[in-house]
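Input: a single structure, listed below in structure tokens.
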Amino acid sequence: MFDGGMTMCFHTVNCPQIIGNISKNRRRSRTKLNPCFAVKMCSILLQSDESGNLSESKKISSSYSPQVKPQAQNSLLSQANTVGIIGGVSVLSTLIFLEKLVWWSSRKGEESVPFVVCSDPSIDGALASQASIHSSFDETAQNEANHEAIVRNLRHKRVFLEQSGASCIVMPCHISNAWHQQISEGCSLPFFHIGECVAKELKEAKLKPHGTGSNVRIGVLAATETIAAASYQDQLGNQGFEVVLPDKATMEHILIPAIESLNKRDTEGARNLLRIAIQVLLIRAVNVVILASDELQNILPREDPLLKKCMDPMDALARSTIKWAKTGKQGMQKNTC
């Protein structure tokens, strides 16, 4: 839950925005996100031309006055460490990432990192269809062929965030990161790839392979292996890891039924099936299992010992973002963690 005061701005533009800066005082983060949090409101009306460029904004009321960067006088946010966030497959997943970003960056009594969010509900359905667990092979091929429109939409949001004063870009979405290279084309800001953040943390952990003479093996569980898993395969491979995906039988008879059980509110059934899916990968000598799907998060209780073998990629993305914002790396130009 976001506790304490929050300054937010809402805009009447094609890309709905939330801009926030969290105060120092807040209570301990809770297990489940509570959408009810205290805010201080201000409204800003933005106009954009056909190319998406921002024109002057008229502030109606405001309690927020950031320290302005010389090169960004016309930006909405002008702190040198402002994080631009392109919303995920659902508003809830975006809020969960924001909870991590806000709580972890301010739990030592510091101010939260400033951020600007672009969350567009109109694209949620398109992203969700790309990850449908019920898509046939023909439907999956069609989805992949039609992803160009989604990429254009996400690229437009990236440009909007750049013009809004963001100094780095993140996408807390397993699916969107599969097209990271296309979305980041032409971006001069640091643009963190969730798979690269995960791979970097695992590399720094100096894991030892379970088998002699083999690479460290990392398992990836995703609702659809064709798209979401692609966000991690190349990045993990570049760091020397061997990626292990569930086989077809595990997907059809264990993982997909686990998600279906969750949708039917059969929590215990979903937990038991997910435990089996994780065990199947552990038997194949993987060191860590990446839960690369929003549906797979929070199924297992926190005290479940299997979670010690699992990794939430959003945690790695949040930690990398906070490290960048807190350590003065705002001069970075490369798209890296």
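Labeling convention for the structure tokens: chains A, B, ... as they appear, residues from 1 per chain, ligands from 1 in order of appearance.
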Sorted by chain and rising residue number, list the residues of region 191-258 of chain A at most 10 Å from region 155-175 of chain A (counting only C-alpha atoms), each with its closest atom pair and distance in Å to one decimal, as a Markdown table.
| residue | atom | partner | partner_atom | distance |
| --- | --- | --- | --- | --- |
| A:Phe191 | CA | A:Ile169 | CA | 4.6 |
| A:Phe192 | CA | A:Val170 | CA | 5.4 |
| A:His193 | CA | A:Val170 | CA | 7.2 |
| A:Ile194 | CA | A:Pro172 | CA | 7.4 |
| A:Gly195 | CA | A:His174 | CA | 8.7 |
| A:Ala222 | CA | A:His174 | CA | 8.9 |
| A:Thr224 | CA | A:Ile175 | CA | 9.5 |
| A:Thr226 | CA | A:Ile175 | CA | 10.0 |
| A:Ile227 | CA | A:Ile175 | CA | 6.3 |
| A:Ala228 | CA | A:Ile175 | CA | 4.8 |
| A:Ala229 | CA | A:His174 | CA | 7.9 |
| A:Ala230 | CA | A:Ile175 | CA | 8.5 |
| A:Ser231 | CA | A:His174 | CA | 6.6 |
| A:Tyr232 | CA | A:His174 | CA | 8.9 |
Legend entry - Distance in Å - CA of Met311 (chain A) versus CA of Ile290 (chain A):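 Between CA of Met311 (chain A) and CA of Ile290 (chain A) the gap is 4.8 Å.
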Fewer than 2 positions away in the same chain doesn't count, so skip those; otherwise give me all residues within 12 Å of region 298-306 of chain A, counting only C-alpha atoms, as a PDB file with C-alpha atoms, in the first residue's frame.
ATOM      1  CA  THR A  31       1.341  -8.179   1.306  1.00  0.00           C
ATOM      2  CA  LYS A  32      -1.553  -7.083  -0.882  1.00  0.00           C
ATOM      3  CA  LEU A  33      -1.797  -3.781  -2.652  1.00  0.00           C
ATOM      4  CA  SER A  93       0.596  -5.089 -12.361  1.00  0.00           C
ATOM      5  CA  ILE A  96       2.405  -3.546  -7.883  1.00  0.00           C
ATOM      6  CA  ALA A 258      -2.698 -23.925 -12.364  1.00  0.00           C
ATOM      7  CA  ILE A 259      -3.623 -20.558 -13.909  1.00  0.00           C
ATOM      8  CA  SER A 261      -7.571 -22.957 -11.142  1.00  0.00           C
ATOM      9  CA  LEU A 262      -6.545 -19.514  -9.950  1.00  0.00           C
ATOM     10  CA  ASN A 263      -9.079 -17.896 -12.280  1.00  0.00           C
ATOM     11  CA  ARG A 265     -10.615 -19.043  -7.285  1.00  0.00           C
ATOM     12  CA  ASP A 266      -9.327 -22.503  -6.466  1.00  0.00           C
ATOM     13  CA  THR A 267      -6.274 -21.164  -4.662  1.00  0.00           C
ATOM     14  CA  GLU A 268      -5.215 -24.468  -3.122  1.00  0.00           C
ATOM     15  CA  GLY A 269      -5.430 -26.245  -6.466  1.00  0.00           C
ATOM     16  CA  ALA A 270      -3.382 -23.503  -8.137  1.00  0.00           C
ATOM     17  CA  ARG A 271      -0.751 -23.702  -5.397  1.00  0.00           C
ATOM     18  CA  ASN A 272      -0.373 -27.461  -5.653  1.00  0.00           C
ATOM     19  CA  LEU A 273      -0.018 -27.364  -9.439  1.00  0.00           C
ATOM     20  CA  LEU A 274       2.482 -24.506  -9.353  1.00  0.00           C
ATOM     21  CA  ARG A 275       4.548 -26.391  -6.790  1.00  0.00           C
ATOM     22  CA  ILE A 276       4.674 -29.358  -9.158  1.00  0.00           C
ATOM     23  CA  ALA A 277       5.711 -27.136 -12.100  1.00  0.00           C
ATOM     24  CA  ILE A 278       8.545 -25.650 -10.051  1.00  0.00           C
ATOM     25  CA  GLN A 279       9.658 -29.083  -8.846  1.00  0.00           C
ATOM     26  CA  VAL A 280       9.747 -30.373 -12.432  1.00  0.00           C
ATOM     27  CA  LEU A 281      12.277 -27.661 -13.317  1.00  0.00           C
ATOM     28  CA  LEU A 282      14.287 -28.192 -10.133  1.00  0.00           C
ATOM     29  CA  ASN A 287      19.421 -23.195  -9.771  1.00  0.00           C
ATOM     30  CA  VAL A 288      16.629 -20.622  -9.894  1.00  0.00           C
ATOM     31  CA  VAL A 289      13.114 -20.555 -11.354  1.00  0.00           C
ATOM     32  CA  ILE A 290      11.999 -17.213 -12.792  1.00  0.00           C
ATOM     33  CA  LEU A 291       8.245 -16.653 -12.410  1.00  0.00           C
ATOM     34  CA  SER A 293       4.057 -14.141 -15.455  1.00  0.00           C
ATOM     35  CA  ASP A 294       1.832 -11.864 -13.385  1.00  0.00           C
ATOM     36  CA  GLU A 295      -0.573 -14.766 -12.836  1.00  0.00           C
ATOM     37  CA  LEU A 296       2.120 -16.813 -11.100  1.00  0.00           C
ATOM     38  CA  LYS A 308      13.551 -19.489  -1.978  1.00  0.00           C
ATOM     39  CA  LYS A 309      14.284 -21.081  -5.340  1.00  0.00           C
ATOM     40  CA  CYS A 310      12.134 -18.593  -7.288  1.00  0.00           C
ATOM     41  CA  MET A 311      12.677 -15.060  -8.536  1.00  0.00           C
ATOM     42  CA  ASP A 312      10.201 -12.297  -9.349  1.00  0.00           C
TER      43      ASP A 312
END
Inset, instruction - Figure out the distance between CA of Asn177 (chain A) and CA of Glu204 (chain A), please, to one decimal in Å. - result: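 Separation between CA of Glu204 (chain A) and CA of Asn177 (chain A): 21.8 Å.
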Inset, instruction - Determine which residues of region 84-287 of chain A DSSP labels as alpha helix (DSSP H) from the backbone of this structure, then write them out as number ranges by chain. - result: A: 91-106, 121-130, 137-145, 148-163, 180-183, 194-204, 230-238, 248-250, 256-263, 267-283
Report the residues of region 187-283 of chain A whose backbone DSSP state falls under strand (DSSP E or B), written as a tab-separated table (two decimals) with N, CA and C atoms, in the first residue's frame.
chain	number	residue	atom	x	y	z
A	191	PHE	N	17.33	2.69	-20.94
A	191	PHE	CA	16.04	2.01	-21.09
A	191	PHE	C	16.26	0.57	-20.60
A	217	ARG	N	22.03	-23.42	-14.77
A	217	ARG	CA	20.75	-23.54	-15.47
A	217	ARG	C	19.69	-22.71	-14.74
A	218	ILE	N	18.95	-21.93	-15.52
A	218	ILE	CA	17.88	-21.07	-14.98
A	218	ILE	C	16.56	-21.48	-15.63
A	219	GLY	N	15.58	-21.81	-14.80
A	219	GLY	CA	14.27	-22.17	-15.31
A	219	GLY	C	13.39	-20.94	-15.47
A	220	VAL	N	12.53	-20.96	-16.48
A	220	VAL	CA	11.60	-19.85	-16.72
A	220	VAL	C	10.19	-20.41	-16.85
A	221	LEU	N	9.29	-19.97	-15.98
A	221	LEU	CA	7.88	-20.33	-16.06
A	221	LEU	C	7.09	-19.11	-16.50
A	242	GLU	N	22.25	-21.28	-19.02
A	242	GLU	CA	21.44	-22.18	-19.85
A	242	GLU	C	19.99	-22.08	-19.41
A	243	VAL	N	19.11	-21.69	-20.33
A	243	VAL	CA	17.71	-21.48	-20.00
A	243	VAL	C	16.93	-22.78	-20.17
A	244	VAL	N	16.14	-23.13	-19.16
A	244	VAL	CA	15.33	-24.35	-19.19
A	244	VAL	C	13.86	-23.95	-19.13
Inset, instruction - One decimal, Å: what's the distance from CA of Thr321 (chain A) over to CA of Leu202 (chain A), could you say? - result: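 Separating CA of Thr321 (chain A) from CA of Leu202 (chain A) is a distance of 16.2 Å.
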